[in-house]
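J.: Sharing start.csv below, CSV, N, CA and C atoms:
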```
chain,number,residue,atom,x,y,z
V,1,MET,N,12.7,-44.4,-11.8
V,1,MET,CA,12.2,-43.6,-12.9
V,1,MET,C,11.1,-42.5,-12.4
V,2,LYS,N,10.4,-42.9,-11.4
V,2,LYS,CA,9.4,-41.9,-10.9
V,2,LYS,C,10.1,-40.7,-10.3
V,3,THR,N,11.2,-40.9,-9.7
V,3,THR,CA,11.9,-39.7,-9.1
V,3,THR,C,12.4,-38.8,-10.2
V,4,PHE,N,12.9,-39.4,-11.2
V,4,PHE,CA,13.4,-38.6,-12.3
V,4,PHE,C,12.3,-37.8,-13.0
V,5,GLY,N,11.2,-38.4,-13.2
V,5,GLY,CA,10.0,-37.7,-13.7
V,5,GLY,C,9.6,-36.5,-12.9
V,6,LYS,N,9.5,-36.7,-11.6
V,6,LYS,CA,9.1,-35.6,-10.6
V,6,LYS,C,10.2,-34.5,-10.7
V,7,LEU,N,11.4,-34.8,-10.7
V,7,LEU,CA,12.5,-33.8,-10.8
V,7,LEU,C,12.4,-33.0,-12.1
V,8,PHE,N,12.1,-33.8,-13.2
V,8,PHE,CA,12.0,-33.1,-14.5
V,8,PHE,C,10.8,-32.1,-14.5
V,9,LEU,N,9.7,-32.5,-13.9
V,9,LEU,CA,8.5,-31.6,-13.8
V,9,LEU,C,8.8,-30.4,-12.9
V,10,LEU,N,9.5,-30.6,-11.8
V,10,LEU,CA,9.9,-29.5,-11.0
V,10,LEU,C,10.8,-28.5,-11.7
V,11,ALA,N,11.7,-29.1,-12.4
V,11,ALA,CA,12.6,-28.2,-13.2
V,11,ALA,C,11.9,-27.4,-14.2
V,12,ILE,N,10.9,-28.0,-14.9
V,12,ILE,CA,10.2,-27.2,-15.9
V,12,ILE,C,9.3,-26.2,-15.2
V,13,PHE,N,8.7,-26.5,-14.1
V,13,PHE,CA,7.8,-25.6,-13.3
V,13,PHE,C,8.6,-24.4,-12.9
V,14,PHE,N,9.8,-24.6,-12.2
V,14,PHE,CA,10.6,-23.5,-11.7
V,14,PHE,C,11.2,-22.7,-12.9
V,15,GLY,N,11.5,-23.4,-14.0
V,15,GLY,CA,12.1,-22.7,-15.1
V,15,GLY,C,11.1,-21.7,-15.7
V,16,VAL,N,9.8,-22.1,-15.8
V,16,VAL,CA,8.8,-21.3,-16.4
V,16,VAL,C,8.5,-20.1,-15.5
V,17,PHE,N,8.4,-20.3,-14.2
V,17,PHE,CA,8.1,-19.2,-13.3
V,17,PHE,C,9.2,-18.3,-12.9
V,18,LEU,N,10.4,-18.8,-12.9
V,18,LEU,CA,11.6,-17.9,-12.6
V,18,LEU,C,12.0,-17.0,-13.8
V,19,PHE,N,11.8,-17.5,-15.0
V,19,PHE,CA,12.2,-16.7,-16.1
V,19,PHE,C,11.0,-16.0,-16.8
V,20,ALA,N,9.9,-16.1,-16.3
V,20,ALA,CA,8.7,-15.4,-16.8
V,20,ALA,C,8.8,-13.9,-16.6
V,21,ALA,N,8.3,-13.1,-17.4
V,21,ALA,CA,8.3,-11.7,-17.2
V,21,ALA,C,7.4,-11.3,-16.1
V,22,PRO,N,7.8,-10.3,-15.2
V,22,PRO,CA,7.0,-10.0,-14.1
V,22,PRO,C,5.7,-9.4,-14.5
V,23,ALA,N,4.7,-9.6,-13.7
V,23,ALA,CA,3.3,-9.1,-14.0
V,23,ALA,C,3.3,-7.6,-13.8
V,24,VAL,N,2.5,-6.9,-14.5
V,24,VAL,CA,2.3,-5.4,-14.3
V,24,VAL,C,1.4,-5.2,-13.1
V,25,ALA,N,1.9,-4.4,-12.2
V,25,ALA,CA,1.1,-4.2,-11.0
V,25,ALA,C,1.4,-2.8,-10.5
V,26,GLY,N,0.6,-2.4,-9.6
V,26,GLY,CA,0.8,-1.1,-9.0
V,26,GLY,C,1.0,-1.2,-7.5
V,27,GLU,N,1.3,0.0,-6.9
V,27,GLU,CA,1.5,0.0,-5.5
V,27,GLU,C,1.0,1.4,-4.9
V,28,LYS,N,0.6,1.4,-3.7
V,28,LYS,CA,0.2,2.6,-3.0
V,28,LYS,C,1.1,2.8,-1.8
V,29,GLY,N,1.4,4.0,-1.5
V,29,GLY,CA,2.2,4.3,-0.4
V,29,GLY,C,2.1,5.8,0.0
V,30,ILE,N,3.0,6.2,0.9
V,30,ILE,CA,3.1,7.6,1.4
V,30,ILE,C,4.4,8.2,1.0
V,31,VAL,N,4.4,9.4,0.5
V,31,VAL,CA,5.6,10.2,0.2
V,31,VAL,C,5.6,11.2,1.3
V,32,SER,N,6.8,11.3,2.0
V,32,SER,CA,7.0,12.3,3.0
V,32,SER,C,8.3,12.9,2.9
V,33,CYS,N,8.5,14.1,3.4
V,33,CYS,CA,9.7,14.9,3.4
V,33,CYS,C,10.4,14.6,4.8
V,34,SER,N,11.7,14.3,4.7
V,34,SER,CA,12.4,14.1,5.9
V,34,SER,C,13.0,15.3,6.5
V,35,THR,N,12.8,16.5,5.9
V,35,THR,CA,13.2,17.7,6.6
V,35,THR,C,12.3,18.0,7.7
V,36,PRO,N,12.9,18.2,8.9
V,36,PRO,CA,12.0,18.3,10.2
V,36,PRO,C,11.0,19.5,10.1
V,37,GLU,N,11.4,20.6,9.6
V,37,GLU,CA,10.5,21.8,9.6
V,37,GLU,C,9.4,21.7,8.5
V,38,CYS,N,9.6,20.8,7.5
V,38,CYS,CA,8.7,20.8,6.4
V,38,CYS,C,7.3,20.1,6.7
V,39,GLY,N,7.3,18.9,7.0
V,39,GLY,CA,6.1,18.2,7.3
V,39,GLY,C,5.3,17.8,6.1
V,40,TYR,N,5.8,17.8,4.9
V,40,TYR,CA,5.1,17.4,3.7
V,40,TYR,C,4.8,15.9,3.7
V,41,HIS,N,3.6,15.5,3.4
V,41,HIS,CA,3.3,14.1,3.2
V,41,HIS,C,2.1,14.0,2.3
V,42,SER,N,2.1,12.9,1.5
V,42,SER,CA,1.0,12.8,0.5
V,42,SER,C,0.9,11.3,0.2
V,43,ASN,N,-0.4,10.9,-0.1
V,43,ASN,CA,-0.6,9.5,-0.7
V,43,ASN,C,-0.1,9.5,-2.1
V,44,LEU,N,0.5,8.3,-2.5
V,44,LEU,CA,0.9,8.2,-3.9
V,44,LEU,C,0.7,6.8,-4.4
V,45,THR,N,0.1,6.7,-5.6
V,45,THR,CA,-0.1,5.4,-6.3
V,45,THR,C,0.9,5.4,-7.5
V,46,ILE,N,1.7,4.3,-7.5
V,46,ILE,CA,2.6,4.2,-8.6
V,46,ILE,C,2.1,3.0,-9.5
V,47,GLY,N,2.0,3.3,-10.8
V,47,GLY,CA,1.5,2.3,-11.7
V,47,GLY,C,0.0,2.2,-11.7
V,48,GLY,N,-0.5,1.0,-12.1
V,48,GLY,CA,-1.9,0.8,-12.2
V,48,GLY,C,-2.2,-0.7,-12.1
V,49,GLY,N,-3.5,-1.0,-12.1
V,49,GLY,CA,-3.9,-2.4,-12.1
V,49,GLY,C,-3.9,-3.0,-13.5
V,50,MET,N,-4.1,-4.3,-13.5
V,50,MET,CA,-4.0,-5.0,-14.7
V,50,MET,C,-4.9,-4.5,-15.8
V,51,LYS,N,-6.1,-4.1,-15.4
V,51,LYS,CA,-7.1,-3.5,-16.4
V,51,LYS,C,-7.2,-2.0,-16.4
V,52,SER,N,-6.3,-1.4,-15.7
V,52,SER,CA,-6.3,0.1,-15.7
V,52,SER,C,-4.9,0.6,-15.8
V,53,PRO,N,-4.3,0.6,-17.0
V,53,PRO,CA,-2.9,1.0,-17.2
V,53,PRO,C,-2.8,2.5,-16.9
V,54,SER,N,-1.8,2.8,-16.0
V,54,SER,CA,-1.6,4.2,-15.6
V,54,SER,C,-0.1,4.4,-15.4
V,55,VAL,N,0.3,5.6,-15.6
V,55,VAL,CA,1.7,6.0,-15.2
V,55,VAL,C,1.6,7.2,-14.2
V,56,THR,N,2.4,7.1,-13.2
V,56,THR,CA,2.5,8.1,-12.2
V,56,THR,C,3.7,9.0,-12.5
V,57,GLY,N,3.6,10.3,-12.2
V,57,GLY,CA,4.7,11.2,-12.5
V,57,GLY,C,4.6,12.4,-11.7
V,58,TYR,N,5.6,13.3,-11.9
V,58,TYR,CA,5.7,14.5,-11.1
V,58,TYR,C,5.8,15.7,-12.1
V,59,CYS,N,4.9,16.6,-12.0
V,59,CYS,CA,4.8,17.8,-12.8
V,59,CYS,C,5.7,18.9,-12.2
V,60,ARG,N,6.7,19.3,-12.9
V,60,ARG,CA,7.6,20.3,-12.3
V,60,ARG,C,7.0,21.7,-12.2
V,61,SER,N,6.1,22.0,-13.2
V,61,SER,CA,5.5,23.4,-13.2
V,61,SER,C,4.4,23.5,-12.1
V,62,THR,N,3.6,22.5,-11.9
V,62,THR,CA,2.5,22.6,-10.9
V,62,THR,C,3.0,22.1,-9.5
V,63,LYS,N,4.2,21.4,-9.5
V,63,LYS,CA,4.8,20.8,-8.3
V,63,LYS,C,3.8,19.9,-7.6
V,64,GLN,N,3.2,19.0,-8.4
V,64,GLN,CA,2.3,18.0,-7.9
V,64,GLN,C,2.6,16.6,-8.5
V,65,PHE,N,2.3,15.6,-7.8
V,65,PHE,CA,2.3,14.2,-8.3
V,65,PHE,C,1.0,14.0,-9.1
V,66,VAL,N,1.1,13.4,-10.3
V,66,VAL,CA,-0.1,13.2,-11.1
V,66,VAL,C,-0.1,11.8,-11.6
V,67,ARG,N,-1.3,11.3,-11.9
V,67,ARG,CA,-1.4,10.0,-12.4
V,67,ARG,C,-2.2,10.1,-13.7
V,68,VAL,N,-1.6,9.5,-14.8
V,68,VAL,CA,-2.2,9.6,-16.1
V,68,VAL,C,-2.7,8.2,-16.6
V,69,LYS,N,-3.9,8.1,-17.0
V,69,LYS,CA,-4.4,6.8,-17.6
V,69,LYS,C,-3.9,6.7,-19.0
V,70,LEU,N,-3.5,5.4,-19.3
V,70,LEU,CA,-2.9,5.1,-20.6
V,70,LEU,C,-3.9,4.2,-21.4
V,71,LYS,N,-3.8,4.2,-22.7
V,71,LYS,CA,-4.7,3.3,-23.5
V,71,LYS,C,-4.3,1.9,-23.3
V,72,SER,N,-3.0,1.5,-23.2
V,72,SER,CA,-2.6,0.1,-23.0
V,72,SER,C,-1.3,0.1,-22.2
V,73,TRP,N,-1.0,-1.1,-21.7
V,73,TRP,CA,0.3,-1.2,-21.0
V,73,TRP,C,1.5,-1.1,-21.9
V,74,ASP,N,1.3,-1.2,-23.2
V,74,ASP,CA,2.4,-1.1,-24.2
V,74,ASP,C,3.0,0.3,-24.2
V,75,ASP,N,2.2,1.3,-23.7
V,75,ASP,CA,2.7,2.7,-23.7
V,75,ASP,C,3.3,3.0,-22.4
V,76,TYR,N,3.4,2.1,-21.4
V,76,TYR,CA,3.9,2.4,-20.1
V,76,TYR,C,5.3,3.0,-20.1
V,77,ARG,N,6.2,2.5,-20.7
V,77,ARG,CA,7.6,3.1,-20.8
V,77,ARG,C,7.9,3.7,-22.1
V,78,LYS,N,7.0,3.8,-23.0
V,78,LYS,CA,7.3,4.3,-24.3
V,78,LYS,C,7.1,5.8,-24.4
V,79,ILE,N,6.0,6.3,-23.8
V,79,ILE,CA,5.7,7.7,-24.0
V,79,ILE,C,5.8,8.4,-22.6
V,80,ILE,N,6.1,9.7,-22.7
V,80,ILE,CA,6.1,10.5,-21.5
V,80,ILE,C,4.8,11.4,-21.6
V,81,PRO,N,3.8,11.1,-20.8
V,81,PRO,CA,2.6,11.8,-21.0
V,81,PRO,C,2.7,13.3,-20.4
V,82,LYS,N,1.7,14.1,-20.9
V,82,LYS,CA,1.7,15.5,-20.4
V,82,LYS,C,0.8,15.5,-19.1
V,83,CYS,N,1.1,16.5,-18.4
V,83,CYS,CA,0.4,16.8,-17.1
V,83,CYS,C,-1.1,17.1,-17.5
V,84,PRO,N,-2.1,16.6,-16.7
V,84,PRO,CA,-3.5,16.9,-17.0
V,84,PRO,C,-3.8,18.4,-16.8
V,85,ASP,N,-3.0,19.0,-15.9
V,85,ASP,CA,-3.3,20.4,-15.6
V,85,ASP,C,-2.6,21.5,-16.3
V,86,CYS,N,-1.6,21.1,-17.1
V,86,CYS,CA,-0.8,22.0,-17.9
V,86,CYS,C,-0.2,21.3,-19.1
V,87,PRO,N,0.4,22.0,-20.0
V,87,PRO,CA,0.9,21.4,-21.3
V,87,PRO,C,2.3,20.7,-21.1
V,88,GLU,N,2.9,20.8,-19.9
V,88,GLU,CA,4.2,20.3,-19.7
V,88,GLU,C,4.2,18.8,-19.6
V,89,PRO,N,5.3,18.1,-20.0
V,89,PRO,CA,5.4,16.7,-19.8
V,89,PRO,C,5.8,16.4,-18.3
V,90,ILE,N,5.4,15.2,-17.9
V,90,ILE,CA,5.6,14.8,-16.5
V,90,ILE,C,6.9,14.0,-16.4
V,91,LEU,N,7.5,14.0,-15.2
V,91,LEU,CA,8.7,13.2,-15.0
V,91,LEU,C,8.1,11.8,-14.5
V,92,PRO,N,8.2,10.8,-15.3
V,92,PRO,CA,7.5,9.5,-14.9
V,92,PRO,C,8.2,8.8,-13.7
V,93,ILE,N,7.5,8.2,-12.9
V,93,ILE,CA,8.0,7.5,-11.7
V,93,ILE,C,7.6,6.0,-11.9
V,94,TYR,N,8.6,5.2,-12.1
V,94,TYR,CA,8.4,3.7,-12.4
V,94,TYR,C,8.7,2.9,-11.1
V,95,ASP,N,9.4,3.4,-10.2
V,95,ASP,CA,9.7,2.7,-8.9
V,95,ASP,C,10.0,3.6,-7.8
V,96,LYS,N,9.9,3.1,-6.6
V,96,LYS,CA,10.0,4.0,-5.4
V,96,LYS,C,11.3,4.7,-5.3
V,97,GLY,N,12.4,4.2,-5.9
V,97,GLY,CA,13.7,4.8,-5.8
V,97,GLY,C,13.8,6.2,-6.5
V,98,GLN,N,12.9,6.4,-7.5
V,98,GLN,CA,12.9,7.7,-8.2
V,98,GLN,C,12.3,8.8,-7.4
V,99,VAL,N,11.5,8.5,-6.4
V,99,VAL,CA,10.9,9.6,-5.6
V,99,VAL,C,12.0,10.4,-4.9
V,100,ALA,N,13.1,9.8,-4.5
V,100,ALA,CA,14.2,10.5,-3.8
V,100,ALA,C,14.8,11.6,-4.7
V,101,GLU,N,14.7,11.4,-6.0
V,101,GLU,CA,15.3,12.3,-7.0
V,101,GLU,C,14.4,13.6,-7.3
V,102,ILE,N,13.3,13.6,-6.6
V,102,ILE,CA,12.3,14.7,-6.9
V,102,ILE,C,12.4,15.7,-5.7
V,103,PRO,N,12.5,17.0,-6.0
V,103,PRO,CA,12.5,18.0,-4.9
V,103,PRO,C,11.1,18.0,-4.2
V,104,CYS,N,11.1,18.2,-2.9
V,104,CYS,CA,9.9,18.3,-2.1
V,104,CYS,C,9.0,19.5,-2.7
V,105,PRO,N,7.8,19.2,-2.9
V,105,PRO,CA,6.9,20.3,-3.4
V,105,PRO,C,6.7,21.5,-2.4
V,106,GLN,N,7.0,21.2,-1.2
V,106,GLN,CA,6.7,22.3,-0.2
V,106,GLN,C,8.0,23.0,0.2
V,107,CYS,N,9.1,22.3,0.4
V,107,CYS,CA,10.3,23.0,0.8
V,107,CYS,C,11.4,23.1,-0.2
V,108,GLY,N,11.3,22.3,-1.3
V,108,GLY,CA,12.3,22.3,-2.4
V,108,GLY,C,13.5,21.4,-2.1
V,109,ASN,N,13.7,20.8,-1.0
V,109,ASN,CA,14.8,20.0,-0.7
V,109,ASN,C,14.7,18.6,-1.4
V,110,LEU,N,15.8,18.0,-1.7
V,110,LEU,CA,15.8,16.6,-2.2
V,110,LEU,C,15.8,15.6,-1.0
V,111,SER,N,14.7,15.7,-0.3
V,111,SER,CA,14.6,14.9,1.0
V,111,SER,C,13.3,14.1,1.0
V,112,LEU,N,12.7,13.7,-0.2
V,112,LEU,CA,11.5,12.9,-0.2
V,112,LEU,C,11.8,11.5,0.0
V,113,ARG,N,10.9,10.8,0.7
V,113,ARG,CA,11.1,9.3,0.8
V,113,ARG,C,9.7,8.7,0.6
V,114,TYR,N,9.7,7.5,0.1
V,114,TYR,CA,8.5,6.8,-0.2
V,114,TYR,C,8.4,5.5,0.6
V,115,GLN,N,7.3,5.3,1.2
V,115,GLN,CA,7.1,4.0,2.0
V,115,GLN,C,5.8,3.3,1.4
V,116,ARG,N,6.1,2.1,0.9
V,116,ARG,CA,5.0,1.4,0.3
V,116,ARG,C,4.1,0.8,1.4
V,117,ARG,N,2.8,0.9,1.2
V,117,ARG,CA,1.8,0.4,2.1
V,117,ARG,C,1.0,-0.8,1.5
V,118,LEU,N,0.9,-0.8,0.2
V,118,LEU,CA,0.0,-1.9,-0.4
V,118,LEU,C,0.5,-2.1,-1.9
V,119,MET,N,0.4,-3.3,-2.3
V,119,MET,CA,0.6,-3.7,-3.7
V,119,MET,C,-0.7,-4.2,-4.2
V,120,PHE,N,-1.0,-3.9,-5.5
V,120,PHE,CA,-2.2,-4.4,-6.1
V,120,PHE,C,-2.0,-4.7,-7.5
V,121,ASP,N,-3.0,-5.4,-8.1
V,121,ASP,CA,-2.9,-5.8,-9.5
V,121,ASP,C,-4.2,-5.6,-10.2
```
Here is the file; what I need is its structure written in the form of structure tokens.

T.:
Amino acid sequence: MKTFGKLFLLAIFFGVFLFAAPAVAGEKGIVSCSTPECGYHSNLTIGGGMKSPSVTGYCRSTKQFVRVKLKSWDDYRKIIPKCPDCPEPILPIYDKGQVAEIPCPQCGNLSLRYQRRLMFD
């Protein structure tokens, strides 16, 4: 009976942690252009910490990556915030795969890549 009890507790433990919603976290990395003549690179923070909800995006008019502070994490995927430097809405970036869909701010090619350096909460 002891073995059954331990197995039951393990099943509950893994069930709770495997099916729990992922925690909101951010990451920092480097965006660089793979076009040899371009040489563009920039630091980029995606998301925010637990107590500092933020969304990262790309402003098409200023051709810059921007980070906008939010009132709460409930707004993270609901609203598309405006660029702090102009009245245009930003293209939100929720994961590193979306960076490849953005044209390079320097050369205009679709050759950006993102390499994560750090995850934080």

J.: Pick from V:Asn43, V:Asn109, V:Ser54, V:Thr35: nearest to Arg67 in chain V, with all atoms listed in the file counted?

T.: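 Closest residue, counting all atoms listed in the file: V:Ser54.
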
J.: Report as a VMD selection string: the residues of chain V with a DSSP assignment of helix (DSSP H, G or I), based on the backbone of this structure.

T.: chain V and resid 2 to 18 73 to 75 96 to 101

J.: Give me a file of those residues, with N, CA and C atoms, as a tab-separated table (two decimals), in the frame of the given file.

T.:
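Below is the file that was written, selection-v3.tsv:
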```tsv
chain	number	residue	atom	x	y	z
V	2	LYS	N	10.40	-42.90	-11.40
V	2	LYS	CA	9.40	-41.90	-10.90
V	2	LYS	C	10.10	-40.70	-10.30
V	3	THR	N	11.20	-40.90	-9.70
V	3	THR	CA	11.90	-39.70	-9.10
V	3	THR	C	12.40	-38.80	-10.20
V	4	PHE	N	12.90	-39.40	-11.20
V	4	PHE	CA	13.40	-38.60	-12.30
V	4	PHE	C	12.30	-37.80	-13.00
V	5	GLY	N	11.20	-38.40	-13.20
V	5	GLY	CA	10.00	-37.70	-13.70
V	5	GLY	C	9.60	-36.50	-12.90
V	6	LYS	N	9.50	-36.70	-11.60
V	6	LYS	CA	9.10	-35.60	-10.60
V	6	LYS	C	10.20	-34.50	-10.70
V	7	LEU	N	11.40	-34.80	-10.70
V	7	LEU	CA	12.50	-33.80	-10.80
V	7	LEU	C	12.40	-33.00	-12.10
V	8	PHE	N	12.10	-33.80	-13.20
V	8	PHE	CA	12.00	-33.10	-14.50
V	8	PHE	C	10.80	-32.10	-14.50
V	9	LEU	N	9.70	-32.50	-13.90
V	9	LEU	CA	8.50	-31.60	-13.80
V	9	LEU	C	8.80	-30.40	-12.90
V	10	LEU	N	9.50	-30.60	-11.80
V	10	LEU	CA	9.90	-29.50	-11.00
V	10	LEU	C	10.80	-28.50	-11.70
V	11	ALA	N	11.70	-29.10	-12.40
V	11	ALA	CA	12.60	-28.20	-13.20
V	11	ALA	C	11.90	-27.40	-14.20
V	12	ILE	N	10.90	-28.00	-14.90
V	12	ILE	CA	10.20	-27.20	-15.90
V	12	ILE	C	9.30	-26.20	-15.20
V	13	PHE	N	8.70	-26.50	-14.10
V	13	PHE	CA	7.80	-25.60	-13.30
V	13	PHE	C	8.60	-24.40	-12.90
V	14	PHE	N	9.80	-24.60	-12.20
V	14	PHE	CA	10.60	-23.50	-11.70
V	14	PHE	C	11.20	-22.70	-12.90
V	15	GLY	N	11.50	-23.40	-14.00
V	15	GLY	CA	12.10	-22.70	-15.10
V	15	GLY	C	11.10	-21.70	-15.70
V	16	VAL	N	9.80	-22.10	-15.80
V	16	VAL	CA	8.80	-21.30	-16.40
V	16	VAL	C	8.50	-20.10	-15.50
V	17	PHE	N	8.40	-20.30	-14.20
V	17	PHE	CA	8.10	-19.20	-13.30
V	17	PHE	C	9.20	-18.30	-12.90
V	18	LEU	N	10.40	-18.80	-12.90
V	18	LEU	CA	11.60	-17.90	-12.60
V	18	LEU	C	12.00	-17.00	-13.80
V	73	TRP	N	-1.00	-1.10	-21.70
V	73	TRP	CA	0.30	-1.20	-21.00
V	73	TRP	C	1.50	-1.10	-21.90
V	74	ASP	N	1.30	-1.20	-23.20
V	74	ASP	CA	2.40	-1.10	-24.20
V	74	ASP	C	3.00	0.30	-24.20
V	75	ASP	N	2.20	1.30	-23.70
V	75	ASP	CA	2.70	2.70	-23.70
V	75	ASP	C	3.30	3.00	-22.40
V	96	LYS	N	9.90	3.10	-6.60
V	96	LYS	CA	10.00	4.00	-5.40
V	96	LYS	C	11.30	4.70	-5.30
V	97	GLY	N	12.40	4.20	-5.90
V	97	GLY	CA	13.70	4.80	-5.80
V	97	GLY	C	13.80	6.20	-6.50
V	98	GLN	N	12.90	6.40	-7.50
V	98	GLN	CA	12.90	7.70	-8.20
V	98	GLN	C	12.30	8.80	-7.40
V	99	VAL	N	11.50	8.50	-6.40
V	99	VAL	CA	10.90	9.60	-5.60
V	99	VAL	C	12.00	10.40	-4.90
V	100	ALA	N	13.10	9.80	-4.50
V	100	ALA	CA	14.20	10.50	-3.80
V	100	ALA	C	14.80	11.60	-4.70
V	101	GLU	N	14.70	11.40	-6.00
V	101	GLU	CA	15.30	12.30	-7.00
V	101	GLU	C	14.40	13.60	-7.30
```

J.: Which polymer residues, whether protein, DNA or RNA, lie within 8 Å of the coordinate (8.4, 20.9, 4.5) when you count only N, CA and C atoms? List them as number ranges by chain, using the chain letters and numbers from the file.

T.: V: 33-41, 104-109

J.: With distances taken over only C-alpha atoms, which residue among V:Ser52, V:Ser32, V:Pro84, V:Gly57 lies nearest Leu70 in chain V?

T.: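 With only C-alpha atoms as the atom set, the closest residue is V:Ser52.
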
J.: Name the closest residue to Leu112 in chain V among the candidates V:Cys59, V:Met50, V:Ala100, V:Ala25; distances are taken between atoms, counting only C-alpha atoms.

T.: V:Ala100

J.: May I ask for the distance between atom C of Lys28 in chain V and atom N of Arg116 in chain V, given in Å to one decimal place?

T.: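 Distance between the two atoms: 5.7 Å.
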
J.: Could you check how far CA of Thr62 in chain V sits from CA of Val31 in chain V, in Å to one decimal?

T.: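 Separation of CA of Thr62 in chain V and CA of Val31 in chain V: 16.9 Å.
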
J.: Write out as a PDB file with N, CA and C atoms, in the coordinates of the input each polymer residue whose atoms come within 8 Å of Ile93 in chain V, counting only N, CA and C atoms; drop sequence neighbours fewer than 6 positions from it.

T.:
```pdb
ATOM      1  N   ILE V  46       1.700   4.300  -7.500  1.00  0.00           N
ATOM      2  CA  ILE V  46       2.600   4.200  -8.600  1.00  0.00           C
ATOM      3  C   ILE V  46       2.100   3.000  -9.500  1.00  0.00           C
ATOM      4  N   GLY V  47       2.000   3.300 -10.800  1.00  0.00           N
ATOM      5  CA  GLY V  47       1.500   2.300 -11.700  1.00  0.00           C
ATOM      6  C   GLY V  47       0.000   2.200 -11.700  1.00  0.00           C
ATOM      7  N   VAL V  55       0.300   5.600 -15.600  1.00  0.00           N
ATOM      8  CA  VAL V  55       1.700   6.000 -15.200  1.00  0.00           C
ATOM      9  C   VAL V  55       1.600   7.200 -14.200  1.00  0.00           C
ATOM     10  N   THR V  56       2.400   7.100 -13.200  1.00  0.00           N
ATOM     11  CA  THR V  56       2.500   8.100 -12.200  1.00  0.00           C
ATOM     12  C   THR V  56       3.700   9.000 -12.500  1.00  0.00           C
ATOM     13  N   GLY V  57       3.600  10.300 -12.200  1.00  0.00           N
ATOM     14  CA  GLY V  57       4.700  11.200 -12.500  1.00  0.00           C
ATOM     15  C   GLY V  57       4.600  12.400 -11.700  1.00  0.00           C
ATOM     16  N   TYR V  58       5.600  13.300 -11.900  1.00  0.00           N
ATOM     17  CA  TYR V  58       5.700  14.500 -11.100  1.00  0.00           C
ATOM     18  C   TYR V  58       5.800  15.700 -12.100  1.00  0.00           C
ATOM     19  N   VAL V  99      11.500   8.500  -6.400  1.00  0.00           N
ATOM     20  CA  VAL V  99      10.900   9.600  -5.600  1.00  0.00           C
ATOM     21  C   VAL V  99      12.000  10.400  -4.900  1.00  0.00           C
TER      22      VAL V  99
END
```

J.: I'd like to know which residues of chain V are strand (DSSP E or B) (by DSSP, run on the backbone); could you write them as a VMD selection string?

T.: chain V and resid 26 to 33 41 to 46 49 52 54 to 59 64 to 69 82 89 91 to 93 112 to 120

J.: Find the distance between CA of Tyr76 in chain V and CA of Phe120 in chain V and write it in Å to one decimal.

T.: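 About the pair CA of Tyr76 in chain V and CA of Phe120 in chain V: they are 16.7 Å apart.
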